[in-house]
>>> print(open('input.txt').read())   # compact mmCIF, C-alpha atoms and all ligand atoms
# COMPACT_ATOMS: atom_id res chain seq x y z
CA MET K 244 147.93 124.82 77.93
CA THR K 245 148.01 127.83 75.66
CA GLY K 246 146.15 127.39 72.40
CA THR K 247 149.01 128.32 70.10
CA GLY K 248 151.84 125.93 71.00
CA PRO K 249 151.99 122.17 70.41
CA PRO K 250 149.55 120.11 72.49
CA ASP K 251 150.87 119.52 75.99
CA ARG K 252 151.86 115.85 76.03
CA ARG K 253 152.86 115.96 79.65
CA PHE K 254 149.30 116.29 80.98
CA GLU K 255 147.55 114.40 78.16
CA ARG K 256 146.14 111.55 80.29
CA GLN K 257 145.20 113.79 83.15
CA VAL K 258 143.31 116.18 80.88
CA ARG K 259 141.51 113.23 79.31
CA PHE K 260 139.93 112.61 82.74
CA ALA K 261 136.66 114.37 81.94
CA PRO K 262 135.96 116.02 85.33
CA LEU K 263 139.35 117.74 85.07
CA GLY K 264 139.64 118.46 81.35
CA GLU K 265 141.57 121.28 79.68
CA SER K 266 139.86 123.96 81.71
CA GLY K 267 140.63 122.15 84.97
CA GLN K 268 144.28 121.79 84.01
CA GLN K 269 144.37 125.50 83.28
CA ARG K 270 142.93 126.17 86.73
CA LEU K 271 145.59 123.99 88.34
CA ALA K 272 148.26 125.89 86.44
CA GLU K 273 146.92 129.17 87.85
CA SER K 274 146.70 127.90 91.44
CA ARG K 275 148.90 128.69 94.39
CA VAL K 276 148.95 126.14 97.23
CA LEU K 277 150.59 126.27 100.66
CA LEU K 278 151.81 122.95 102.02
CA VAL K 279 152.56 123.01 105.76
CA GLY K 280 155.00 120.19 106.51
CA VAL K 281 156.86 118.16 103.87
CA GLY K 282 157.55 114.95 105.83
CA ALA K 283 155.34 111.89 105.51
CA LEU K 284 151.95 113.23 104.37
CA GLY K 285 153.62 116.36 103.02
CA GLY K 286 156.03 114.38 100.83
CA VAL K 287 153.25 112.49 99.07
CA LEU K 288 151.21 115.70 98.77
CA ALA K 289 154.11 117.69 97.33
CA GLN K 290 154.88 115.00 94.81
CA SER K 291 151.22 114.61 93.78
CA LEU K 292 150.66 118.34 93.26
CA THR K 293 153.95 118.87 91.45
CA ARG K 294 153.26 115.99 89.09
CA ALA K 295 149.70 117.30 88.56
CA GLY K 296 151.06 120.65 87.36
CA VAL K 297 149.82 122.99 90.10
CA GLY K 298 151.15 126.47 89.28
CA GLN K 299 152.87 127.42 92.53
CA LEU K 300 153.62 125.29 95.55
CA VAL K 301 154.80 126.95 98.76
CA LEU K 302 156.57 124.51 101.09
CA ALA K 303 157.11 125.18 104.80
CA ASP K 304 158.80 122.85 107.30
CA ARG K 305 160.95 123.39 110.38
CA ASP K 306 162.67 120.01 110.63
CA VAL K 307 165.72 118.22 109.25
CA VAL K 308 165.83 114.80 107.58
CA GLU K 309 166.63 111.88 109.89
CA GLU K 310 167.24 108.23 109.13
CA SER K 311 164.00 107.15 110.83
CA ASN K 312 162.06 109.27 108.31
CA LEU K 313 163.16 107.21 105.31
CA PRO K 314 160.66 104.32 105.41
CA ARG K 315 157.74 106.71 104.89
CA GLN K 316 158.93 110.15 103.75
CA VAL K 317 159.12 109.67 100.01
CA LEU K 318 161.14 112.75 99.05
CA PHE K 319 164.18 111.88 101.17
CA GLU K 320 167.22 109.64 100.78
CA ASP K 321 170.02 108.23 102.96
CA ARG K 322 172.25 111.09 101.87
CA HIS K 323 169.81 113.74 103.16
CA ALA K 324 169.60 111.98 106.53
CA ALA K 325 173.38 111.53 106.81
CA GLU K 326 173.88 115.26 106.24
CA GLY K 327 170.86 116.37 108.30
CA VAL K 328 169.56 118.47 105.39
CA PRO K 329 166.53 120.70 106.15
CA LYS K 330 163.44 118.94 104.86
CA VAL K 331 162.37 121.81 102.61
CA GLU K 332 165.77 121.80 100.89
CA ALA K 333 165.75 118.05 100.34
CA ALA K 334 162.17 118.33 99.09
CA LEU K 335 163.11 121.08 96.62
CA GLU K 336 165.89 118.90 95.25
CA SER K 337 163.67 115.82 94.82
CA LEU K 338 160.71 117.76 93.41
CA GLY K 339 163.04 119.64 91.07
CA ARG K 340 164.10 116.33 89.53
CA ILE K 341 160.45 115.62 88.59
CA GLY K 342 160.49 118.71 86.39
CA GLY K 343 157.31 120.20 85.01
CA PRO K 344 155.90 123.70 85.24
CA THR K 345 155.32 123.98 89.02
CA ARG K 346 157.12 126.90 90.65
CA LEU K 347 158.40 125.81 94.05
CA GLU K 348 159.03 128.11 96.99
CA ALA K 349 160.60 126.82 100.20
CA HIS K 350 160.58 128.16 103.76
CA ALA K 351 162.59 126.44 106.51
CA LEU K 352 160.67 127.70 109.53
CA HIS K 353 158.17 126.86 112.24
CA VAL K 354 154.73 127.90 110.98
CA ASP K 355 153.26 130.03 113.78
CA ALA K 356 150.61 132.71 114.11
CA SER K 357 152.86 135.41 112.70
CA GLU K 358 154.24 133.40 109.76
CA LEU K 359 151.06 131.64 108.60
CA PRO K 360 149.10 134.66 107.28
CA ARG K 361 152.14 135.74 105.27
CA LEU K 362 152.76 132.25 103.84
CA ALA K 363 149.09 131.70 102.99
CA GLU K 364 148.66 135.08 101.30
CA GLY K 365 147.35 134.67 97.76
CA CYS K 366 146.94 130.90 98.19
CA ASP K 367 143.86 129.11 96.87
CA LEU K 368 144.31 126.18 99.25
CA VAL K 369 146.29 125.12 102.32
CA LEU K 370 147.31 121.49 102.81
CA ASP K 371 148.06 119.90 106.16
CA GLY K 372 151.23 117.83 106.00
CA THR K 373 152.05 118.38 109.66
CA ASP K 374 152.31 115.99 112.55
CA ASN K 375 150.96 118.20 115.28
CA LEU K 376 147.65 119.51 116.53
CA ALA K 377 148.73 123.03 117.50
CA THR K 378 149.61 123.84 113.90
CA ARG K 379 146.38 122.31 112.61
CA TYR K 380 144.21 124.41 114.95
CA LEU K 381 146.20 127.45 113.88
CA VAL K 382 145.68 126.59 110.20
CA ASN K 383 141.96 126.08 110.88
CA ASP K 384 141.69 129.48 112.59
CA HIS K 385 143.47 131.28 109.77
CA CYS K 386 141.71 129.52 106.90
CA VAL K 387 138.22 129.95 108.39
CA ARG K 388 138.93 133.61 109.09
CA ALA K 389 140.40 134.27 105.64
CA GLY K 390 137.93 132.01 103.79
CA ILE K 391 140.64 129.75 102.33
CA PRO K 392 139.86 126.02 101.89
CA TRP K 393 142.21 123.63 103.68
CA ILE K 394 142.48 119.86 103.94
CA TYR K 395 143.27 118.17 107.23
CA GLY K 396 145.11 114.86 107.21
CA GLY K 397 146.29 112.82 110.17
CA VAL K 398 147.94 109.42 110.30
CA VAL K 399 149.19 107.16 113.09
CA GLY K 400 149.93 103.45 112.96
CA GLY K 401 148.09 101.90 110.03
CA ALA K 402 145.21 104.34 109.71
CA GLY K 403 144.28 107.99 109.44
CA LEU K 404 141.68 110.68 108.92
CA VAL K 405 140.98 113.25 106.23
CA LEU K 406 138.69 116.28 106.46
CA PRO K 407 138.35 118.91 103.74
CA VAL K 408 137.40 122.26 105.30
CA LEU K 409 135.57 124.54 102.89
CA PRO K 410 134.77 127.72 104.83
CA GLY K 411 131.08 128.53 104.60
CA ARG K 412 130.24 124.98 103.52
CA GLY K 413 130.42 122.02 105.87
CA PRO K 414 132.35 121.58 109.10
CA CYS K 415 135.64 123.10 110.18
CA LEU K 416 138.14 121.21 112.32
CA ARG K 417 136.61 122.55 115.55
CA CYS K 418 133.09 121.49 114.50
CA VAL K 419 134.44 117.94 114.61
CA PHE K 420 137.14 118.12 117.30
CA ARG K 421 136.19 121.08 119.46
CA GLU K 422 139.41 121.26 121.51
CA PRO K 423 142.75 119.52 121.12
CA PRO K 424 143.27 116.95 123.90
CA PRO K 425 145.94 117.62 126.53
CA PRO K 426 149.53 116.92 125.41
CA GLY K 427 150.47 113.26 125.61
CA THR K 428 146.89 111.96 125.33
CA LEU K 429 146.81 110.89 121.70
CA PRO K 430 149.21 108.41 120.15
CA THR K 431 151.81 109.94 117.82
CA CYS K 432 153.89 108.35 115.07
CA ASP K 433 156.78 108.20 117.53
CA THR K 434 154.87 106.49 120.29
CA ALA K 435 152.61 104.25 118.20
CA GLY K 436 154.60 103.95 114.97
CA VAL K 437 153.38 104.47 111.41
CA VAL K 438 153.63 102.67 108.07
CA LEU K 439 153.94 104.17 104.60
CA PRO K 440 150.79 102.59 103.11
CA ALA K 441 148.69 104.42 105.71
CA VAL K 442 150.53 107.66 104.91
CA GLY K 443 149.96 107.06 101.20
CA LEU K 444 146.24 106.41 101.64
CA VAL K 445 145.62 109.53 103.69
CA ALA K 446 147.83 111.83 101.60
CA SER K 447 146.44 110.52 98.32
CA LEU K 448 142.88 111.26 99.43
CA GLN K 449 144.01 114.72 100.51
CA ALA K 450 145.70 115.21 97.12
CA GLY K 451 142.61 114.06 95.24
CA LEU K 452 140.41 116.44 97.20
CA ALA K 453 143.00 119.18 96.64
CA LEU K 454 142.67 118.83 92.87
CA ARG K 455 138.90 118.74 93.22
CA VAL K 456 138.80 121.89 95.35
CA LEU K 457 141.13 123.75 93.00
CA VAL K 458 139.28 122.68 89.85
CA GLU K 459 135.61 122.37 90.79
CA PRO K 460 134.59 122.43 94.47
CA ASP K 461 130.86 122.70 93.68
CA GLY K 462 129.02 119.50 94.51
CA LEU K 463 131.74 118.22 96.85
CA GLU K 464 130.20 117.11 100.16
CA PRO K 465 132.83 117.60 102.86
CA ALA K 466 133.00 114.79 105.41
CA LEU K 467 135.46 113.31 107.85
CA VAL K 468 136.75 110.07 106.31
CA GLU K 469 138.68 107.35 108.13
CA LEU K 470 141.00 105.12 106.08
CA ASP K 471 142.68 102.01 107.44
CA ALA K 472 145.48 100.41 105.42
CA TRP K 473 145.74 97.49 107.85
CA SER K 474 142.10 96.40 108.15
CA GLY K 475 141.30 97.49 104.62
CA GLU K 476 138.35 99.55 105.82
CA VAL K 477 137.24 103.00 104.76
CA ARG K 478 134.53 104.80 106.69
CA ARG K 479 132.79 108.06 105.94
CA LEU K 480 132.06 109.50 109.37
CA ARG K 481 129.25 111.91 109.84
CA ALA K 482 130.58 115.44 109.97
CA GLY K 483 127.91 118.09 109.78
CA ARG K 484 128.57 121.67 110.73
CA ASP K 485 128.18 122.47 114.43
CA GLU K 486 126.12 125.64 114.73
CA ALA K 487 127.68 126.23 118.16
CA CYS K 488 131.27 126.01 116.80
CA PRO K 489 133.30 128.84 118.33
CA CYS K 490 135.46 129.08 115.20
CA CYS K 491 133.30 128.97 112.07
CA GLY K 492 130.16 129.88 114.04
CA GLY K 493 131.43 132.30 116.69
CA ARG K 494 134.33 133.72 114.62
CA GLU K 495 136.74 133.26 117.55
CA PHE K 496 140.31 132.52 116.51
CA PRO K 497 142.32 131.87 119.68
CA TRP K 498 145.25 130.09 118.00
CA LEU K 499 145.83 133.10 115.77
CA GLU K 500 145.39 135.61 118.57
CA ARG K 501 147.45 133.68 121.07
CA GLY K 502 150.42 134.58 118.92
CA ASP K 503 153.68 134.54 120.79
CA ALA K 504 152.40 132.71 123.87
CA ASP K 505 153.15 129.36 122.29
CA HIS K 506 156.65 130.21 121.12
CA ALA K 507 159.60 128.06 122.03
CA VAL K 508 162.42 129.90 123.78
CA SER K 509 166.05 128.92 123.49
CA LEU K 510 167.72 129.12 126.90
CA CYS K 511 170.93 130.93 126.27
CA GLY K 512 174.13 128.89 126.61
CA ARG K 513 172.36 125.79 127.90
CA ASN K 514 171.77 123.86 124.68
CA THR K 515 168.17 123.71 125.89
CA VAL K 516 164.87 125.00 124.53
CA GLN K 517 161.71 125.61 126.54
CA VAL K 518 158.44 124.75 124.81
CA LYS K 519 155.10 125.81 126.26
CA ARG K 520 151.75 125.30 124.62
CA THR K 521 148.52 126.94 125.67
CA GLY K 522 145.81 124.48 126.62
CA ALA K 523 145.07 121.77 129.12
CA ALA K 524 147.89 120.53 131.36
CA PRO K 525 149.19 117.05 130.57
CA ASP K 526 148.52 113.98 132.70
CA LEU K 527 152.13 113.16 133.56
CA GLU K 528 151.36 109.56 134.59
CA ARG K 529 149.90 108.84 131.19
CA VAL K 530 152.61 110.73 129.35
CA GLY K 531 155.27 108.77 131.26
CA ALA K 532 153.64 105.42 130.59
CA ARG K 533 153.33 106.15 126.89
CA LEU K 534 156.89 107.35 126.49
CA GLU K 535 158.12 104.28 128.36
CA ALA K 536 156.09 102.01 126.11
CA ALA K 537 157.75 103.71 123.15
CA GLY K 538 161.19 102.83 124.51
CA ALA K 539 162.15 106.06 126.30
CA ALA K 540 163.98 105.96 129.65
CA VAL K 541 161.53 107.71 131.97
CA ARG K 542 161.79 108.76 135.59
CA ARG K 543 159.80 110.97 137.92
CA ALA K 544 161.70 113.63 139.85
CA GLY K 545 159.20 115.02 142.33
CA PRO K 546 156.48 116.75 140.32
CA LEU K 547 158.59 116.58 137.15
CA LEU K 548 158.86 113.91 134.54
CA ARG K 549 162.18 113.32 132.82
CA ALA K 550 162.53 111.23 129.69
CA GLU K 551 165.44 110.41 127.41
CA VAL K 552 164.31 110.20 123.79
CA GLU K 553 166.51 110.16 120.70
CA GLU K 554 169.51 112.30 121.72
CA PHE K 555 167.40 114.62 123.88
CA VAL K 556 166.36 114.84 127.51
CA LEU K 557 162.81 116.09 128.06
CA THR K 558 161.76 117.57 131.37
CA VAL K 559 157.99 118.02 131.58
CA PHE K 560 156.53 120.28 134.28
CA PRO K 561 153.02 119.77 135.68
CA ASP K 562 151.76 122.85 133.77
CA GLY K 563 152.99 121.34 130.51
CA ARG K 564 156.07 123.54 130.19
CA THR K 565 158.80 121.33 128.78
CA LEU K 566 162.56 121.73 128.61
CA ILE K 567 164.28 119.98 125.74
CA GLU K 568 167.99 119.53 126.34
CA GLY K 569 170.24 118.66 123.44
CA THR K 570 169.47 121.46 121.02
CA ASP K 571 169.37 125.24 120.91
CA ASP K 572 167.29 125.22 117.73
CA CYS K 573 163.68 126.19 118.57
CA GLY K 574 162.22 124.59 115.43
CA ARG K 575 164.00 121.34 116.19
CA ALA K 576 162.77 121.44 119.80
CA GLU K 577 159.17 122.08 118.71
CA ALA K 578 159.41 119.11 116.38
CA VAL K 579 160.74 116.86 119.18
CA TYR K 580 157.96 118.07 121.48
CA ASP K 581 155.27 117.31 118.93
CA ARG K 582 156.73 113.92 118.07
CA TRP K 583 156.83 112.73 121.67
CA LEU K 584 154.15 114.70 123.46
CA GLY K 585 151.78 115.00 120.52
CA GLY K 586 151.00 118.66 121.11
ZN ZN E 601 133.43 125.00 112.88
>>> encode(input="input.txt", output="structure tokens", more="lines below")
Ligand SMILES: [Zn+2]
Amino acid sequence: MTGTGPPDRRFERQVRFAPLGESGQQRLAESRVLLVGVGALGGVLAQSLTRAGVGQLVLADRDVVEESNLPRQVLFEDRHAAEGVPKVEAALESLGRIGGPTRLEAHALHVDASELPRLAEGCDLVLDGTDNLATRYLVNDHCVRAGIPWIYGGVVGGAGLVLPVLPGRGPCLRCVFREPPPPGTLPTCDTAGVVLPAVGLVASLQAGLALRVLVEPDGLEPALVELDAWSGEVRRLRAGRDEACPCCGGREFPWLERGDADHAVSLCGRNTVQVKRTGAAPDLERVGARLEAAGAAVRRAGPLLRAEVEEFVLTVFPDGRTLIEGTDDCGRAEAVYDRWLGG
């Protein structure tokens, strides 16, 4: 959008949208955005921001493409699933075909307390394209501490939630959901399913708010919004700031400080990874019932719960420690844990 060259035809219609305009497009072109997770929500977000002409988009994801991703993860194709391509690489390929000025940067890794500050450095906004609560609470801690806006999105089944977090204005994630529930309590896309229209609704609202925050956040009233693609209902839920919030009020950032405690550990030579998350212990009866309902073969072995899901065997201990047999890749194991136990 420099003044000297020919008019930029590519963004003509977008710039004609008065609230954006030439100056807004220029701001997008100067923006750097971190997208955590490029699967379902992340795919729609990445595509929306690339097509909108955001200057730099940093992509981070730890997983590989699988066939069961294809009905809702818009950047991936059969070929990526057949070859088990890392999601960030497949995303780079698909986004590259769109063209345009966006500079893409890809990181195939698990976003944890040591990686996140580095990835988010210099970013104007962080977008939640993840499928797990631990990463979202970590993102909330970092963004509130560093004063970076971020936009939460969550989807399961036919509906989902969106919350823009603008530090210093409106609620943070912990104002609304003080603590994450114990593992296995909430439905996940693997236990309760998910459909693309719900993903599209949630991610499109996130993308719209992303443009708004990058271009002109003043006047935006942050609120938790629920969108349901099956009932056709949209609800704006009350979401004021909680003065007693330990994060944005008390400036406590336990997910950032916890650091290595939540790391997965590959157990040498056993094709097994141990995953342990800080927080409440799971209710194994409930976890077992939910996994069974989702088609897993589940049995109790004394205090332990064993479940066969996909090509993995999960052994869940009463304290929540979980062994995932069938991989020695920690990122893969974390992804399996989050899919099935909803950490
Ligand atoms: Zn808060």
>>> residues_near_ligand(input="input.txt", ligand="ligand ZN 601 (chain E)", cutoff="7 Å", atoms="all atoms listed in the file", output="ChimeraX atom specification")
/K:414-418,484-485,488-492
>>> atom_distance(input="input.txt", atom1="atom CA of K:Asp562", atom2="atom CA of K:Val419")
26.3 Å
>>> residues_near_point(input="input.txt", point="(168.8, 109.7, 119.0)", cutoff="12 Å", atoms="all atoms listed in the file", output="list in words")
Glu309, Glu310, Ser311, Gly538, Ala539, Glu551, Val552, Glu553, Glu554, Phe555, Val556, Gly569, Thr570 and Val579 of chain K
>>> residues_around(input="input.txt", residues="K:Val541", least_positions_apart="3", cutoff="10 Å", atoms="only C-alpha atoms", output="number ranges by chain")
K: 530-536, 538, 544, 548-552, 556-558
>>> closest_residue(input="input.txt", among="K:Leu584, K:Leu454, K:Ala482, K:Leu302", to="K:Arg270", atoms="all atoms listed in the file")
K:Leu454
>>> closest_residue(input="input.txt", among="K:Leu467, K:Leu444, K:Ala324, K:Ala356", to="K:Val287", atoms="all atoms listed in the file")
K:Leu444
>>> residues_near_point(input="input.txt", point="(152.1, 122.9, 125.6)", cutoff="10 Å", atoms="only C-alpha atoms", output="count of residues only")
27
>>> residues_around(input="input.txt", residues="stretch 263-266 of chain K", least_positions_apart="5", cutoff="12 Å", atoms="all atoms listed in the file", output="PyMOL selection string")
chain K and resi 244-246+250-251+254-258+271-273+295+451+454-460
>>> atom_distance(input="input.txt", atom1="atom CA of K:Gln299", atom2="atom CA of K:Arg575")
26.8 Å
>>> atom_distance(input="input.txt", atom1="atom CA of K:Ala351", atom2="atom CA of K:Ala303")
5.9 Å
>>> closest_residue(input="input.txt", among="K:Arg315, K:Arg479, K:Arg494, K:Arg322", to="K:Cys386", atoms="only C-alpha atoms")
K:Arg494
>>> closest_residue(input="input.txt", among="K:Pro410, K:Gly545, K:Gly339, K:Pro430", to="K:Gly397", atoms="all atoms listed in the file")
K:Pro430
>>> residues_around(input="input.txt", residues="K:Pro314", least_positions_apart="6", cutoff="10 Å", atoms="only C-alpha atoms", output="JSON, numbers by chain")
{"K": [283, 320, 437, 438, 439]}
>>> residues_around(input="input.txt", residues="K:Leu300", least_positions_apart="3", cutoff="6 Å", atoms="only C-alpha atoms", output="VMD selection string")
chain K and resid 275 to 276 347
>>> write_last_selection(input="input.txt", atoms="C-alpha atoms", output="JSON list (two decimals), keeping the file's coordinate frame")
[["chain", "number", "residue", "atom", "x", "y", "z"],
["K", 275, "ARG", "CA", 148.90, 128.69, 94.39],
["K", 276, "VAL", "CA", 148.95, 126.14, 97.23],
["K", 347, "LEU", "CA", 158.40, 125.81, 94.05]]
>>> residues_around(input="input.txt", residues="stretch 398-402 of chain K", least_positions_apart="2", cutoff="6 Å", atoms="all atoms listed in the file", output="number ranges by chain")
K: 432, 435-438, 441, 470-473
>>> write_last_selection(input="input.txt", atoms="C-alpha atoms", output="PDB file, keeping the file's coordinate frame")
ATOM      1  CA  CYS K 432     153.890 108.350 115.070  1.00  0.00           C
ATOM      2  CA  ALA K 435     152.610 104.250 118.200  1.00  0.00           C
ATOM      3  CA  GLY K 436     154.600 103.950 114.970  1.00  0.00           C
ATOM      4  CA  VAL K 437     153.380 104.470 111.410  1.00  0.00           C
ATOM      5  CA  VAL K 438     153.630 102.670 108.070  1.00  0.00           C
ATOM      6  CA  ALA K 441     148.690 104.420 105.710  1.00  0.00           C
ATOM      7  CA  LEU K 470     141.000 105.120 106.080  1.00  0.00           C
ATOM      8  CA  ASP K 471     142.680 102.010 107.440  1.00  0.00           C
ATOM      9  CA  ALA K 472     145.480 100.410 105.420  1.00  0.00           C
ATOM     10  CA  TRP K 473     145.740  97.490 107.850  1.00  0.00           C
TER      11      TRP K 473
END
>>> closest_residue(input="input.txt", among="K:Leu318, K:Val508, K:Ala578, K:Arg252", to="K:Asp304", atoms="only C-alpha atoms")
K:Ala578
>>> decode(input="input.txt", residues="stretch 273-287 of chain K", atoms="N, CA and C atoms", output="mmCIF file, in the first residue's frame")
data_model
loop_
_atom_site.group_PDB
_atom_site.id
_atom_site.type_symbol
_atom_site.label_atom_id
_atom_site.label_comp_id
_atom_site.auth_asym_id
_atom_site.auth_seq_id
_atom_site.Cartn_x
_atom_site.Cartn_y
_atom_site.Cartn_z
ATOM 1 N N GLU K 273 1.734 -4.352 8.695
ATOM 2 C CA GLU K 273 2.852 -4.157 9.644
ATOM 3 C C GLU K 273 2.733 -5.064 10.861
ATOM 4 N N SER K 274 1.718 -5.916 10.900
ATOM 5 C CA SER K 274 1.456 -6.719 12.097
ATOM 6 C C SER K 274 2.172 -8.064 12.055
ATOM 7 N N ARG K 275 2.469 -8.527 13.271
ATOM 8 C CA ARG K 275 3.046 -9.862 13.431
ATOM 9 C C ARG K 275 2.130 -10.625 14.388
ATOM 10 N N VAL K 276 1.670 -11.799 13.968
ATOM 11 C CA VAL K 276 0.688 -12.559 14.734
ATOM 12 C C VAL K 276 1.205 -13.972 14.970
ATOM 13 N N LEU K 277 1.067 -14.445 16.207
ATOM 14 C CA LEU K 277 1.402 -15.839 16.525
ATOM 15 C C LEU K 277 0.121 -16.650 16.557
ATOM 16 N N LEU K 278 0.123 -17.745 15.810
ATOM 17 C CA LEU K 278 -1.005 -18.665 15.800
ATOM 18 C C LEU K 278 -0.550 -19.979 16.425
ATOM 19 N N VAL K 279 -1.146 -20.318 17.573
ATOM 20 C CA VAL K 279 -0.782 -21.549 18.281
ATOM 21 C C VAL K 279 -1.760 -22.639 17.872
ATOM 22 N N GLY K 280 -1.278 -23.597 17.075
ATOM 23 C CA GLY K 280 -2.151 -24.669 16.588
ATOM 24 C C GLY K 280 -2.681 -24.338 15.201
ATOM 25 N N VAL K 281 -2.444 -25.235 14.237
ATOM 26 C CA VAL K 281 -2.924 -24.957 12.868
ATOM 27 C C VAL K 281 -3.866 -26.059 12.378
ATOM 28 N N GLY K 282 -4.585 -26.704 13.313
ATOM 29 C CA GLY K 282 -5.523 -27.763 12.932
ATOM 30 C C GLY K 282 -6.854 -27.191 12.486
ATOM 31 N N ALA K 283 -7.895 -27.454 13.268
ATOM 32 C CA ALA K 283 -9.249 -27.062 12.857
ATOM 33 C C ALA K 283 -9.428 -25.543 12.934
ATOM 34 N N LEU K 284 -9.484 -24.993 14.139
ATOM 35 C CA LEU K 284 -9.609 -23.533 14.275
ATOM 36 C C LEU K 284 -8.420 -22.846 13.614
ATOM 37 N N GLY K 285 -7.234 -23.389 13.866
ATOM 38 C CA GLY K 285 -6.002 -22.776 13.368
ATOM 39 C C GLY K 285 -5.951 -22.705 11.848
ATOM 40 N N GLY K 286 -6.508 -23.714 11.187
ATOM 41 C CA GLY K 286 -6.497 -23.718 9.720
ATOM 42 C C GLY K 286 -7.324 -22.573 9.157
ATOM 43 N N VAL K 287 -8.524 -22.396 9.710
ATOM 44 C CA VAL K 287 -9.389 -21.304 9.242
ATOM 45 C C VAL K 287 -8.748 -19.960 9.590
#
